[in-house]
Structures are given as C-alpha cells and as structure tokens.
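What follows is final34.csv (CSV, C-alpha atoms and all ligand atoms).
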```csv
chain,number,residue,atom,x,y,z
A,1368,MET,CA,44.3,13.4,11.7
A,1369,ASN,CA,47.0,10.8,11.0
A,1370,ARG,CA,45.4,7.8,9.4
A,1371,PRO,CA,47.4,4.6,10.2
A,1372,THR,CA,47.5,1.8,7.6
A,1373,VAL,CA,46.3,-1.5,9.0
A,1374,SER,CA,46.9,-4.9,7.3
A,1375,LEU,CA,43.4,-6.5,7.1
A,1376,ILE,CA,43.0,-10.3,7.1
A,1377,GLU,CA,39.4,-11.2,6.4
A,1378,GLY,CA,39.9,-14.8,7.3
A,1379,ASP,CA,37.9,-18.0,6.6
A,1380,GLY,CA,34.4,-19.2,7.4
A,1381,ILE,CA,32.5,-16.3,9.0
A,1382,GLY,CA,35.6,-14.2,8.8
A,1383,PRO,CA,34.5,-12.1,5.8
A,1384,GLU,CA,31.1,-11.5,7.3
A,1385,VAL,CA,32.3,-10.3,10.7
A,1386,THR,CA,35.0,-8.3,9.0
A,1387,ALA,CA,32.5,-6.4,6.7
A,1388,ALA,CA,30.3,-5.7,9.8
A,1389,THR,CA,33.3,-4.4,11.8
A,1390,LEU,CA,34.5,-2.1,9.0
A,1391,ARG,CA,31.1,-0.5,8.8
A,1392,ALA,CA,31.1,0.0,12.6
A,1393,ILE,CA,34.6,1.4,12.7
A,1394,GLU,CA,33.7,3.9,10.0
A,1395,ALA,CA,30.5,5.0,11.8
A,1396,ALA,CA,32.5,5.4,15.1
A,1397,GLY,CA,34.8,7.8,13.3
A,1398,GLY,CA,37.9,5.6,13.2
A,1399,GLN,CA,40.5,7.0,10.8
A,1400,LEU,CA,42.2,4.0,9.4
A,1401,VAL,CA,43.4,2.9,5.9
A,1402,TRP,CA,43.0,-0.8,5.1
A,1403,GLU,CA,45.5,-2.9,3.3
A,1404,ARG,CA,43.7,-6.2,2.5
A,1405,VAL,CA,46.0,-9.3,2.6
A,1406,ASP,CA,45.4,-13.0,2.5
A,1407,ALA,CA,46.0,-15.7,5.2
A,1408,GLY,CA,44.5,-19.1,6.2
A,1409,ALA,CA,42.7,-21.7,4.0
A,1410,GLY,CA,41.7,-19.0,1.5
A,1411,ALA,CA,45.3,-18.1,1.0
A,1412,VAL,CA,46.3,-21.7,0.3
A,1413,ALA,CA,43.8,-21.8,-2.6
A,1414,ALA,CA,45.1,-18.5,-4.0
A,1415,HIS,CA,48.9,-18.6,-3.2
A,1416,GLY,CA,49.6,-22.2,-2.1
A,1417,ASP,CA,50.6,-20.9,1.4
A,1418,PRO,CA,48.4,-20.1,4.4
A,1419,LEU,CA,50.7,-17.2,5.2
A,1420,PRO,CA,52.0,-15.7,1.9
A,1421,ALA,CA,55.2,-13.6,2.0
A,1422,ALA,CA,53.2,-10.6,0.8
A,1423,THR,CA,51.1,-10.8,4.0
A,1424,ILE,CA,54.1,-10.8,6.2
A,1425,ALA,CA,55.6,-7.9,4.2
A,1426,SER,CA,52.4,-5.9,4.7
A,1427,ILE,CA,52.4,-6.4,8.5
A,1428,GLN,CA,56.1,-5.6,8.6
A,1429,ARG,CA,55.3,-2.3,6.9
A,1430,THR,CA,52.2,-1.3,8.8
A,1431,GLN,CA,53.1,-2.9,12.2
A,1432,LEU,CA,49.3,-3.2,12.6
A,1433,ALA,CA,46.9,-6.0,11.8
A,1434,LEU,CA,43.2,-6.8,12.3
A,1435,LYS,CA,42.7,-10.5,11.8
A,1436,ALA,CA,39.5,-12.5,11.5
A,1437,PRO,CA,39.6,-16.2,12.4
A,1438,LEU,CA,41.5,-18.5,10.1
A,1439,ALA,CA,41.0,-22.2,9.3
A,1440,THR,CA,44.2,-24.1,9.7
A,1441,PRO,CA,44.4,-26.3,6.6
A,1442,SER,CA,44.7,-29.9,7.7
A,1443,GLY,CA,47.3,-32.1,5.9
A,1444,GLY,CA,49.9,-30.7,3.5
A,1445,GLY,CA,52.3,-30.0,6.4
A,1446,TYR,CA,51.4,-26.3,6.5
A,1447,ARG,CA,52.9,-24.3,9.3
A,1448,SER,CA,50.4,-22.7,11.8
A,1449,VAL,CA,49.7,-19.2,10.8
A,1450,ASN,CA,49.3,-18.0,14.4
A,1451,VAL,CA,52.5,-19.6,15.5
A,1452,THR,CA,54.4,-18.2,12.5
A,1453,LEU,CA,53.1,-14.7,13.0
A,1454,ARG,CA,53.9,-14.9,16.7
A,1455,GLN,CA,57.4,-15.9,16.1
A,1456,HIS,CA,58.1,-13.7,13.1
A,1457,PHE,CA,56.9,-10.5,14.9
A,1458,ASP,CA,58.0,-11.6,18.4
A,1459,LEU,CA,54.4,-11.0,19.7
A,1460,TYR,CA,55.3,-11.6,23.3
A,1461,ALA,CA,52.2,-10.2,25.1
A,1462,ASN,CA,48.8,-11.6,24.6
A,1463,VAL,CA,46.2,-9.2,26.1
A,1464,ARG,CA,42.6,-10.5,26.7
A,1465,PRO,CA,40.1,-8.1,28.4
A,1466,ALA,CA,37.1,-9.8,30.0
A,1467,GLN,CA,34.2,-7.6,30.9
A,1468,THR,CA,30.6,-8.4,31.8
A,1469,MET,CA,28.2,-7.2,29.1
A,1470,ALA,CA,24.5,-6.7,29.5
A,1471,GLY,CA,22.7,-9.1,27.2
A,1472,VAL,CA,25.5,-11.7,27.1
A,1473,PRO,CA,24.3,-14.6,29.3
A,1474,SER,CA,26.7,-15.4,32.1
A,1475,ARG,CA,26.6,-16.8,35.6
A,1476,PHE,CA,28.6,-13.8,36.8
A,1477,THR,CA,28.2,-10.0,37.1
A,1478,ASP,CA,30.8,-7.3,37.7
A,1479,VAL,CA,33.7,-8.9,35.9
A,1480,ASP,CA,36.1,-6.4,34.5
A,1481,MET,CA,39.6,-7.8,34.3
A,1482,VAL,CA,42.4,-8.0,31.7
A,1483,ILE,CA,44.7,-11.0,31.4
A,1484,VAL,CA,48.2,-10.2,30.1
A,1485,ARG,CA,49.9,-13.5,29.1
A,1486,GLU,CA,53.6,-13.9,28.2
A,1487,ASN,CA,53.4,-15.6,24.8
A,1488,THR,CA,56.9,-16.9,23.9
A,1489,GLU,CA,58.5,-18.7,26.8
A,1490,ASP,CA,57.6,-21.2,29.6
A,1491,LEU,CA,56.5,-24.8,28.8
A,1492,TYR,CA,55.4,-23.6,25.3
A,1493,ALA,CA,59.0,-23.0,24.3
A,1494,GLY,CA,58.7,-26.3,22.4
A,1495,ILE,CA,61.6,-28.1,24.1
A,1496,GLU,CA,60.5,-31.7,24.9
A,1497,HIS,CA,61.6,-35.2,24.3
A,1498,TYR,CA,61.2,-38.8,25.3
A,1499,ILE,CA,63.9,-39.8,27.7
A,1500,ASP,CA,64.1,-43.4,26.7
A,1501,PRO,CA,63.9,-45.3,23.4
A,1502,ARG,CA,60.7,-47.1,24.5
A,1503,ARG,CA,59.0,-43.8,25.1
A,1504,THR,CA,57.9,-44.6,28.6
A,1505,ALA,CA,58.7,-41.2,29.8
A,1506,ALA,CA,58.8,-37.7,28.4
A,1507,GLU,CA,60.2,-34.4,29.5
A,1508,SER,CA,59.1,-30.8,28.7
A,1509,ILE,CA,61.3,-27.9,29.7
A,1510,ALA,CA,59.9,-24.5,30.8
A,1511,ILE,CA,62.1,-21.6,29.9
A,1512,ILE,CA,61.6,-18.4,31.9
A,1513,THR,CA,64.1,-15.6,31.4
A,1514,ARG,CA,64.5,-12.2,33.2
A,1515,PHE,CA,64.3,-10.5,29.7
A,1516,GLY,CA,61.1,-12.2,28.7
A,1517,SER,CA,59.6,-11.7,32.2
A,1518,GLU,CA,60.5,-8.1,32.4
A,1519,ARG,CA,59.2,-7.0,29.0
A,1520,VAL,CA,55.7,-8.6,29.6
A,1521,ILE,CA,55.4,-7.3,33.1
A,1522,VAL,CA,56.5,-3.8,32.0
A,1523,TYR,CA,53.9,-4.1,29.2
A,1524,ALA,CA,51.2,-4.9,31.8
A,1525,PHE,CA,52.1,-1.9,34.0
A,1526,GLU,CA,52.2,0.4,31.0
A,1527,TYR,CA,48.8,-0.9,29.9
A,1528,ALA,CA,47.4,-0.3,33.3
A,1529,ARG,CA,48.8,3.2,33.3
A,1530,ARG,CA,47.4,4.0,29.9
A,1531,HIS,CA,44.0,2.5,30.6
A,1532,GLY,CA,43.5,3.9,34.1
A,1533,ARG,CA,43.7,0.5,35.8
A,1534,ARG,CA,44.7,0.5,39.5
A,1535,LYS,CA,46.1,-2.9,40.3
A,1536,ILE,CA,48.3,-5.7,38.9
A,1537,THR,CA,48.2,-9.2,40.2
A,1538,LEU,CA,51.1,-11.3,39.2
A,1539,VAL,CA,50.1,-15.0,39.0
A,1540,HIS,CA,52.7,-17.8,39.6
A,1541,LYS,CA,53.6,-21.0,41.3
A,1542,ALA,CA,56.8,-19.9,42.9
A,1543,ASN,CA,56.2,-21.9,46.1
A,1544,ILE,CA,56.9,-25.0,44.1
A,1545,LEU,CA,58.8,-23.8,41.0
A,1546,LYS,CA,61.2,-21.7,43.0
A,1547,MET,CA,63.7,-20.9,40.3
A,1548,SER,CA,61.6,-20.4,37.1
A,1549,ASN,CA,58.5,-19.0,38.7
A,1550,GLY,CA,60.6,-17.3,41.4
A,1551,LEU,CA,62.5,-15.4,38.7
A,1552,PHE,CA,59.2,-14.2,37.2
A,1553,LEU,CA,57.9,-13.1,40.6
A,1554,ASP,CA,61.2,-11.4,41.6
A,1555,THR,CA,61.2,-9.6,38.3
A,1556,GLY,CA,57.6,-8.4,38.9
A,1557,ARG,CA,58.5,-7.1,42.4
A,1558,GLU,CA,61.4,-5.1,40.9
A,1559,VAL,CA,59.3,-3.7,38.0
A,1560,ALA,CA,56.5,-2.8,40.4
A,1561,LYS,CA,58.8,-0.3,42.3
A,1562,ARG,CA,58.9,1.8,39.1
A,1563,TYR,CA,55.1,2.2,39.2
A,1564,PRO,CA,54.3,3.4,42.7
A,1565,GLU,CA,50.9,4.6,41.7
A,1566,ILE,CA,49.7,1.1,40.7
A,1567,GLU,CA,48.9,-1.4,43.4
A,1568,PHE,CA,50.8,-4.7,43.0
A,1569,ASP,CA,50.2,-8.1,44.6
A,1570,ASP,CA,50.9,-11.7,43.6
A,1571,MET,CA,48.9,-14.9,43.9
A,1572,ILE,CA,49.5,-18.6,43.5
A,1573,VAL,CA,47.8,-19.9,40.3
A,1574,ASP,CA,45.5,-22.4,42.0
A,1575,ALA,CA,44.3,-19.9,44.5
A,1576,THR,CA,43.8,-17.5,41.6
A,1577,ALA,CA,41.6,-19.9,39.7
A,1578,MET,CA,39.3,-20.2,42.7
A,1579,ARG,CA,39.2,-16.5,43.5
A,1580,MET,CA,38.4,-15.6,39.9
A,1581,VAL,CA,35.3,-17.6,40.3
A,1582,THR,CA,34.4,-16.7,43.9
A,1583,GLN,CA,35.4,-13.1,43.8
A,1584,PRO,CA,36.1,-12.0,40.2
A,1585,GLU,CA,35.6,-8.3,41.1
A,1586,ARG,CA,38.9,-8.4,43.1
A,1587,PHE,CA,40.9,-8.6,39.9
A,1588,ASP,CA,41.9,-5.8,37.7
A,1589,VAL,CA,45.0,-6.7,35.5
A,1590,ILE,CA,46.6,-10.1,35.8
A,1591,VAL,CA,50.0,-10.7,34.4
A,1592,THR,CA,51.3,-14.3,34.2
A,1593,MET,CA,53.4,-16.8,32.3
A,1594,ASN,CA,52.4,-18.6,29.1
A,1595,LEU,CA,50.8,-21.8,30.4
A,1596,PHE,CA,48.9,-20.2,33.3
A,1597,GLY,CA,47.9,-17.4,31.0
A,1598,ASP,CA,46.5,-19.8,28.4
A,1599,ILE,CA,44.2,-21.4,31.0
A,1600,LEU,CA,43.3,-18.3,33.0
A,1601,SER,CA,42.4,-16.2,29.9
A,1602,ASP,CA,39.8,-18.9,28.8
A,1603,LEU,CA,38.6,-19.0,32.4
A,1604,ALA,CA,38.1,-15.2,32.3
A,1605,ALA,CA,36.2,-15.5,29.0
A,1606,GLY,CA,34.0,-18.1,30.7
A,1607,LEU,CA,33.2,-15.6,33.4
A,1608,ILE,CA,31.7,-13.2,30.8
A,1609,GLY,CA,29.8,-15.8,28.8
A,1610,GLY,CA,32.3,-17.6,26.6
A,1611,LEU,CA,34.8,-17.1,23.9
A,1612,GLY,CA,32.3,-15.9,21.3
A,1613,VAL,CA,32.4,-12.2,22.3
A,1614,ALA,CA,35.9,-11.9,23.6
A,1615,PRO,CA,38.5,-9.6,21.9
A,1616,ALA,CA,42.3,-10.0,22.0
A,1617,SER,CA,45.5,-8.3,21.0
A,1618,ASN,CA,49.1,-9.6,20.5
A,1619,ILE,CA,51.8,-7.1,21.0
A,1620,GLY,CA,55.4,-7.4,19.7
A,1621,ALA,CA,58.7,-6.0,20.6
A,1622,ALA,CA,59.6,-2.5,19.3
A,1623,ALA,CA,62.9,-1.3,18.0
A,1624,PRO,CA,64.0,1.8,19.9
A,1625,GLY,CA,61.8,4.8,18.9
A,1626,GLU,CA,59.5,2.6,16.8
A,1627,ARG,CA,55.9,1.5,17.4
A,1628,PRO,CA,55.6,-2.2,18.3
A,1629,CYS,CA,53.9,-4.6,15.9
A,1630,ALA,CA,50.3,-5.2,17.2
A,1631,MET,CA,47.8,-7.7,15.9
A,1632,PHE,CA,44.1,-7.6,17.0
A,1633,GLU,CA,41.7,-10.6,16.6
A,1634,ALA,CA,38.5,-12.1,17.9
A,1635,VAL,CA,39.1,-15.2,20.1
A,1636,HIS,CA,36.4,-17.4,18.4
A,1637,GLY,CA,37.0,-19.6,15.4
A,1638,THR,CA,35.7,-19.7,11.8
A,1639,ALA,CA,32.3,-21.2,12.9
A,1640,PRO,CA,32.0,-23.3,9.7
A,1641,ASP,CA,28.5,-24.5,10.8
A,1642,ILE,CA,27.1,-21.0,10.2
A,1643,ALA,CA,29.4,-19.5,7.6
A,1644,GLY,CA,27.7,-17.7,4.7
A,1645,LYS,CA,24.3,-17.5,6.5
A,1646,GLY,CA,24.6,-13.9,7.6
A,1647,ILE,CA,23.9,-14.7,11.2
A,1648,ALA,CA,27.4,-14.6,12.8
A,1649,ASN,CA,28.0,-12.4,15.8
A,1650,PRO,CA,30.7,-9.7,15.0
A,1651,THR,CA,31.1,-8.6,18.7
A,1652,GLY,CA,34.5,-10.2,19.2
A,1653,LEU,CA,36.1,-8.6,16.1
A,1654,MET,CA,34.3,-5.2,16.8
A,1655,LEU,CA,35.7,-5.2,20.4
A,1656,SER,CA,39.2,-6.2,19.0
A,1657,ALA,CA,38.9,-3.2,16.6
A,1658,ALA,CA,38.1,-1.0,19.6
A,1659,MET,CA,41.4,-2.2,21.1
A,1660,LEU,CA,43.2,-1.3,17.9
A,1661,LEU,CA,41.7,2.2,17.9
A,1662,ASP,CA,42.9,2.6,21.5
A,1663,HIS,CA,46.3,1.4,20.4
A,1664,VAL,CA,46.6,4.1,17.7
A,1665,GLU,CA,45.3,6.7,20.2
A,1666,GLN,CA,41.9,7.1,18.6
A,1667,ARG,CA,40.3,6.8,22.0
A,1668,GLU,CA,37.1,8.6,21.2
A,1669,ALA,CA,36.3,6.3,18.3
A,1670,ALA,CA,37.2,3.3,20.4
A,1671,ASN,CA,34.8,4.3,23.2
A,1672,ARG,CA,32.0,5.1,20.7
A,1673,LEU,CA,32.4,1.7,19.1
A,1674,ARG,CA,32.3,-0.1,22.5
A,1675,ALA,CA,29.3,1.9,23.5
A,1676,GLY,CA,27.5,1.0,20.3
A,1677,VAL,CA,28.2,-2.7,20.7
A,1678,ALA,CA,27.1,-2.6,24.3
A,1679,ALA,CA,23.8,-0.9,23.3
A,1680,ALA,CA,23.1,-3.4,20.5
A,1681,LEU,CA,23.9,-6.4,22.8
A,1682,ALA,CA,21.6,-5.1,25.6
A,1683,ASN,CA,18.4,-5.5,23.5
A,1684,ALA,CA,17.1,-9.0,22.5
A,1685,GLU,CA,15.7,-7.4,19.3
A,1686,THR,CA,19.2,-6.4,18.2
A,1687,ARG,CA,21.3,-9.2,19.7
A,1688,THR,CA,22.4,-12.1,17.4
A,1689,GLY,CA,20.9,-15.6,17.7
A,1690,ASP,CA,24.0,-17.2,19.4
A,1691,LEU,CA,23.1,-14.9,22.4
A,1692,GLY,CA,19.4,-15.7,22.3
A,1693,GLY,CA,18.6,-12.6,20.3
A,1694,ARG,CA,16.6,-12.1,17.1
A,1695,ALA,CA,19.0,-10.2,14.9
A,1696,ASN,CA,21.2,-11.3,12.0
A,1697,THR,CA,24.7,-9.8,11.4
A,1698,ALA,CA,23.5,-6.9,9.4
A,1699,GLN,CA,20.7,-6.0,11.8
A,1700,PHE,CA,23.1,-6.2,14.8
A,1701,THR,CA,25.5,-3.9,12.9
A,1702,ASP,CA,22.8,-1.5,12.0
A,1703,ALA,CA,21.9,-1.3,15.8
A,1704,VAL,CA,25.5,-0.7,16.7
A,1705,ILE,CA,25.7,2.2,14.2
A,1706,ARG,CA,22.3,3.6,15.3
A,1707,ALA,CA,23.4,3.6,18.9
A,1708,MET,CA,26.5,5.7,18.0
A,1709,ALA,CA,24.5,8.3,16.1
B,1801,LIG,P1,34.4,-22.0,16.6
B,1801,LIG,O1,34.7,-20.8,17.6
B,1801,LIG,O2,34.6,-21.7,15.2
B,1801,LIG,O3,32.9,-22.5,16.8
B,1801,LIG,C1,32.4,-23.0,18.0
B,1801,LIG,C2,30.9,-22.8,18.1
B,1801,LIG,O4,30.7,-21.4,18.4
B,1801,LIG,C3,30.2,-23.1,16.8
B,1801,LIG,O5,28.9,-23.6,17.0
B,1801,LIG,C4,30.0,-21.7,16.1
B,1801,LIG,O6,28.9,-21.6,15.3
B,1801,LIG,C5,29.9,-20.8,17.3
B,1801,LIG,N1,30.5,-19.5,17.1
B,1801,LIG,C6,31.8,-19.1,17.1
B,1801,LIG,N2,32.0,-17.8,16.7
B,1801,LIG,C7,30.7,-17.3,16.5
B,1801,LIG,C8,30.2,-16.0,16.2
B,1801,LIG,N3,31.1,-15.0,16.0
B,1801,LIG,N4,28.9,-15.9,16.0
B,1801,LIG,C9,28.0,-16.9,16.3
B,1801,LIG,N5,28.4,-18.2,16.6
B,1801,LIG,C10,29.8,-18.4,16.7
B,1801,LIG,O7,35.4,-23.2,17.1
B,1801,LIG,P2,35.7,-24.5,16.4
B,1801,LIG,O8,34.5,-25.1,15.7
B,1801,LIG,O9,36.4,-25.3,17.4
B,1801,LIG,O10,36.8,-24.2,15.2
B,1801,LIG,C11,36.4,-24.0,13.8
B,1801,LIG,C12,37.6,-23.6,13.0
B,1801,LIG,O11,38.2,-22.3,13.5
B,1801,LIG,C13,38.8,-24.5,13.1
B,1801,LIG,O12,39.4,-24.6,11.8
B,1801,LIG,C14,39.8,-23.9,14.0
B,1801,LIG,O13,41.1,-24.2,13.7
B,1801,LIG,C15,39.6,-22.4,13.7
B,1801,LIG,N6,39.9,-21.5,14.8
B,1801,LIG,C16,40.6,-20.4,14.5
B,1801,LIG,C17,41.0,-19.5,15.4
B,1801,LIG,C18,41.7,-18.2,15.0
B,1801,LIG,O14,42.1,-18.1,13.9
B,1801,LIG,N7,42.0,-17.3,15.9
B,1801,LIG,C19,40.6,-19.7,16.8
B,1801,LIG,C20,39.9,-20.8,17.1
B,1801,LIG,C21,39.5,-21.7,16.1
```

For this file, write the structure as structure tokens.
Amino acid sequence: MNRPTVSLIEGDGIGPEVTAATLRAIEAAGGQLVWERVDAGAGAVAAHGDPLPAATIASIQRTQLALKAPLATPSGGGYRSVNVTLRQHFDLYANVRPAQTMAGVPSRFTDVDMVIVRENTEDLYAGIEHYIDPRRTAAESIAIITRFGSERVIVYAFEYARRHGRRKITLVHKANILKMSNGLFLDTGREVAKRYPEIEFDDMIVDATAMRMVTQPERFDVIVTMNLFGDILSDLAAGLIGGLGVAPASNIGAAAPGERPCAMFEAVHGTAPDIAGKGIANPTGLMLSAAMLLDHVEQREAANRLRAGVAAALANAETRTGDLGGRANTAQFTDAVIRAMA
C-alpha cells in the first residue's frame, strides 16, 4: 500500500501527550502513514526563534498533509499567528468540522450528525477595516464575497457529501438583507447544486438555522456557509455534541490541476496548560482528526476502525478520561481504544 508522508506537529501543552496517544491508535488501526516531525508554536520559538519555522512550511509544502496538535500562540514579541499564516500560505479555504453525538460524551442533545463546511478566506474576516474619522467614533469592516471563493467551497461541500454518502446540503446565508454579497453566495450555491442532482439542496437564513440546529438538529446533514456564520455555527454544533474538547477538524487547500490539495487536520481544543504533563488529557479530538486524515488519503478501513475504537472507549466510564467524568488517564483510554479495535 502507498504510505503517504504526513508532517506532524506535536504542539504545546498537552499536544505531545495527545499526539503520542494518537500515533499508537493510528498504528493499531492499520493506518499506513510515514511521519515527518516538524516544529511549530511556542516550542518552535525556543528552538528556532520563530513559531512557524521555514522548515515546517517546506515540509508541509512537500507532503501536502499535516496532523497538528494544539499550539500556544506566544504572547508579545510580535509573532505572527501560526494558524493564520498556515491558512494564508496554503490557501486553506475550507474548514470542515463534523459534529456527531457520541455515547459517553455528556450532552443535552441526541441524534446529532452534521458537518459544517465553512469558507475560510473571505467575508468579514478578509481583514479590511478602518476608522472612518480621526476621532475614531465610527469604524467600518468590509465583507468580501467572490464567486470564485463561493464556488470552490460549495463544490468542496458537495464533493465531500458525495464521498461520505451524505444526502443533503443546506446553504446558510442572510441574503434577505445582504442581497449582493450573500445573494452571490446563494446564487452560486443554486448553480453548483444543479451539477449534483443526487444530493438534496436547500438554503436557510442564518438566524433561523441557529434556532433549528437547537430545536431540530437531526434535520441537518452538511451545512455550507461563509466565514463569519461558519465560525459561529461550527462552535454551536460542537456545543450540541458536548463541547469543543472532543471535536475534530480539517482545513483543505486549493489544488493545482492534477495535484492533491494541501490538507491539515487538527483537534479543535487548545493546549490545556492547566493539565499539561499530567498524563490525563483526552486525545479524542486528535484521534478523530486523524480518522479524517485517513479518510482523506483513502484509508477508509483504518479510519473506521479508529473511530469505532474511540467510540467504544468513550462509551465506558472505566475507560473514558476525567474531563468526561470517566476514570481513565490518557494511556488507559488509548489502551481501551486499541483493545476495542483488536
Ligand atoms: P483549552 O481548550 O486549552 O482549555 C479549556 C479547558 O478545557 C481547560 O480546562 C482544559 O484543561 C480543558 N481541555 C481542553 N482540551 C482538553 C483535552 N484534550 N483533555 C482534557 N481537557 C481538555 O483553551 P484555552 O485555555 O482557552 O487555551 C489555552 C491555549 O491554547 C492558549 O494558548 C490558546 O491560544 C491555545 N489554543 C490553541 C488552539 C489551536 O492551536 N488549535 C485552539 C484553541 C486554543
């Protein structure tokens, strides 16, 4: 089997602990990957004087694949944000966040199984803002929506749905008020949808979506939306399944014709400095991100085994980690994931 090389960023805080656990679980699941360890974050500042050394960028450029544990953004020193730099450098335009109810993860909701695909480069986050008067009594931020940016993320959402056997795309917008910018996103979605007749397509106003996600989460399958709404709704979706601690994510970049796009996989939670080094961190978020990576490189069987192992370990209080009310530490949880895959 072809063994893709993956740039591995172990990260800061609990990063190395959840990374070590995830590598054990991937191997046990039969994932065939070669790791290229590279530095980023606060640890990289100590070693290289830069939170994102050139060698790390060069590695991802070569591999087009990265698994990234959480990074501490060094405060002071004027360092650029690693996440922003990676997003810009590799044009990571689609942020993909699945949210699925898991037995053993406390939540107010059941039957949640949705994926939020968020456009990651445009909209109000394009960074165009200024005060409009010298006394700074008013400020203006400009949202950029382009047909190009809309089309590529909407196409990605449809292709994702097709690959993962998902039936329906809901495009979320505010085109009733923002008739031009959001209208352009909606019109583009309607055009793209015609190319995928086997996938159901509808659209929904963002405020109604927020309410329906809470009152009727099971009606959603794949949501595709712009940057600002996606930022908010993806955390809302994580809240529906018990919080950010167990949520996986991927960031997908643009591909040159005939080439594989750059893809970066990461847990949504942070470096948890309060528990770092204690051996009690929950590696679920990074393990589920690794399963997304295995899907991405067409190692579906290993991905499904890994997800099933995590689900089994989470379902039992003896093998869940303490943050979820369980009694296991990181190693015991990982042992249980691996046992369940045997
Ligand atoms: P955090 O997610 O690190 O921690 C919030 C709370 O959740 C803490 O009590 C922590 O112990 C707990 N927690 C988080 N992940 C856990 C896990 N896997 N297992 C068990 N408990 C877990 O958020 P924060 O405290 O706001 O941020 C801490 C640092 O992480 C900051 O430097 C921030 O910049 C960074 N951060 C990085 C990323 C990233 O690299 N993707 C994302 C968010 C925050």

Spatial neighbours of A:Ala1470, 10 Å, all atoms listed in the file, chain gap at least 3 places, as a JSON list (two decimals) with C-alpha atoms, in the frame of the given file:
```
[["chain", "number", "residue", "atom", "x", "y", "z"],
["A", 1467, "GLN", "CA", 34.20, -7.60, 30.90],
["A", 1473, "PRO", "CA", 24.30, -14.60, 29.30],
["A", 1474, "SER", "CA", 26.70, -15.40, 32.10],
["A", 1477, "THR", "CA", 28.20, -10.00, 37.10],
["A", 1608, "ILE", "CA", 31.70, -13.20, 30.80],
["A", 1678, "ALA", "CA", 27.10, -2.60, 24.30],
["A", 1679, "ALA", "CA", 23.80, -0.90, 23.30],
["A", 1680, "ALA", "CA", 23.10, -3.40, 20.50],
["A", 1681, "LEU", "CA", 23.90, -6.40, 22.80],
["A", 1682, "ALA", "CA", 21.60, -5.10, 25.60],
["A", 1683, "ASN", "CA", 18.40, -5.50, 23.50]]
```

Worksheet entry | Within 7 Å of A:Gly1612 using only C-alpha atoms, minus same-chain residues under 6 positions, as a VMD selection string | chain A and resid 1635 to 1636 1652

Practice prompt. Identify, on the basis of all atoms listed in the file, every residue whose closest approach to stretch 1450-1465 of chain A does not exceed 8 Å; exclude the query and any residue fewer than 5 positions from it along the same chain; express the result as a PyMOL selection string.
Written response: chain A and resi 1424+1480-1488+1516+1520+1523+1601+1614-1621+1629-1630

Worksheet entry | Non-local contacts of A:Ala1703 (8 Å; only C-alpha atoms; under 2 positions in same chain excluded) as a list in words | Gly1676, Ala1679, Ala1680, Thr1686, Gln1699, Phe1700, Thr1701, Ile1705, Arg1706 and Ala1707 of chain A

Those selected residues, please, written with C-alpha atoms and delivered as a compact mmCIF listing (two decimals), keeping the file's coordinate frame.
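Wrote it out as part_18.txt, contents follow:
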```
# COMPACT_ATOMS: atom_id res chain seq x y z
CA GLY A 1676 27.50 1.00 20.30
CA ALA A 1679 23.80 -0.90 23.30
CA ALA A 1680 23.10 -3.40 20.50
CA THR A 1686 19.20 -6.40 18.20
CA GLN A 1699 20.70 -6.00 11.80
CA PHE A 1700 23.10 -6.20 14.80
CA THR A 1701 25.50 -3.90 12.90
CA ILE A 1705 25.70 2.20 14.20
CA ARG A 1706 22.30 3.60 15.30
CA ALA A 1707 23.40 3.60 18.90
```

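Among the candidate residues A:Ser1448, A:Pro1564, A:Gln1428, A:Trp1402, the one lying nearest to ligand LIG 1801 (chain B) is A:Ser1448, with distances computed using all atoms listed in the file.
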
Item to complete: For ligand LIG 1801 (chain B), list the contacting residues at 6 Å or closer, counting only C-alpha atoms and all ligand atoms, as a ChimeraX atom specification.
Response: /A:1437-1440,1612,1635-1639,1641-1642,1648-1650,1690

Worksheet item: Taking into account all atoms listed in the file, which residue in the set A:Ser1426, A:Thr1697, A:Asn1594, A:Thr1504 is nearest to A:Ala1387?
Response: A:Thr1697

Residues within 6 Å of A:Val1405, all atoms listed in the file, excluding chain neighbours under 4 positions, as a compact mmCIF listing (two decimals) with C-alpha atoms, in the frame of the given file:
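Output (result-v8.txt):
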```
# COMPACT_ATOMS: atom_id res chain seq x y z
CA LEU A 1375 43.40 -6.50 7.10
CA ILE A 1376 43.00 -10.30 7.10
CA THR A 1423 51.10 -10.80 4.00
```

Discussion item. For a quick check of your reading of the model, name the residues lying within 12 Å of the coordinate (38.5, -1.9, 15.0), counting all atoms listed in the file, and write them as a VMD selection string.
Written reply: chain A and resid 1373 to 1375 1385 to 1402 1432 to 1436 1615 to 1617 1631 to 1634 1650 to 1664 1666 to 1667 1669 to 1674 1677

Discussion item. Just checking: using only C-alpha atoms, which residue out of A:Ala1560, A:Ala1407, A:Ile1511, A:Val1472 ends up closest to A:Leu1491?
Written reply: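 For A:Leu1491, the nearest of the given residues is A:Ile1511.
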
Fill in: For A:Val1559, the nearest of the candidates A:Thr1688, A:Ser1517, A:Gln1431, A:Ser1508, counting all atoms listed in the file
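Under the stated criterion, the closest residue is A:Ser1517.
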
Worksheet item: Which distance in Å separates atom CA of A:Ile1566 and atom CA of A:Arg1586, to one decimal?
Response: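 Atom-to-atom, atom CA of A:Ile1566 and atom CA of A:Arg1586 are spaced 14.6 Å apart.
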
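Proximity of A:Ala1623, A:Leu1551, A:Ala1528, A:Ile1544 to A:Ile1512, computed with only C-alpha atoms, is greatest for A:Leu1551.
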
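Rounded to one decimal, atom CA of A:Val1613 and atom CA of A:Tyr1527 lie 21.3 Å from each other.
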
Worksheet item: atom CA of A:Glu1585 and atom CA of A:Leu1600, how far apart in Å?
Response: 15.0 Å

Practice prompt. Rank nothing, just name the residue among A:Asn1696, A:Glu1403, A:Gln1583, A:Asp1569 nearest to A:Glu1384, using only C-alpha atoms.
Written response: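 Ranked by minimum distance to A:Glu1384, first place goes to A:Asn1696.
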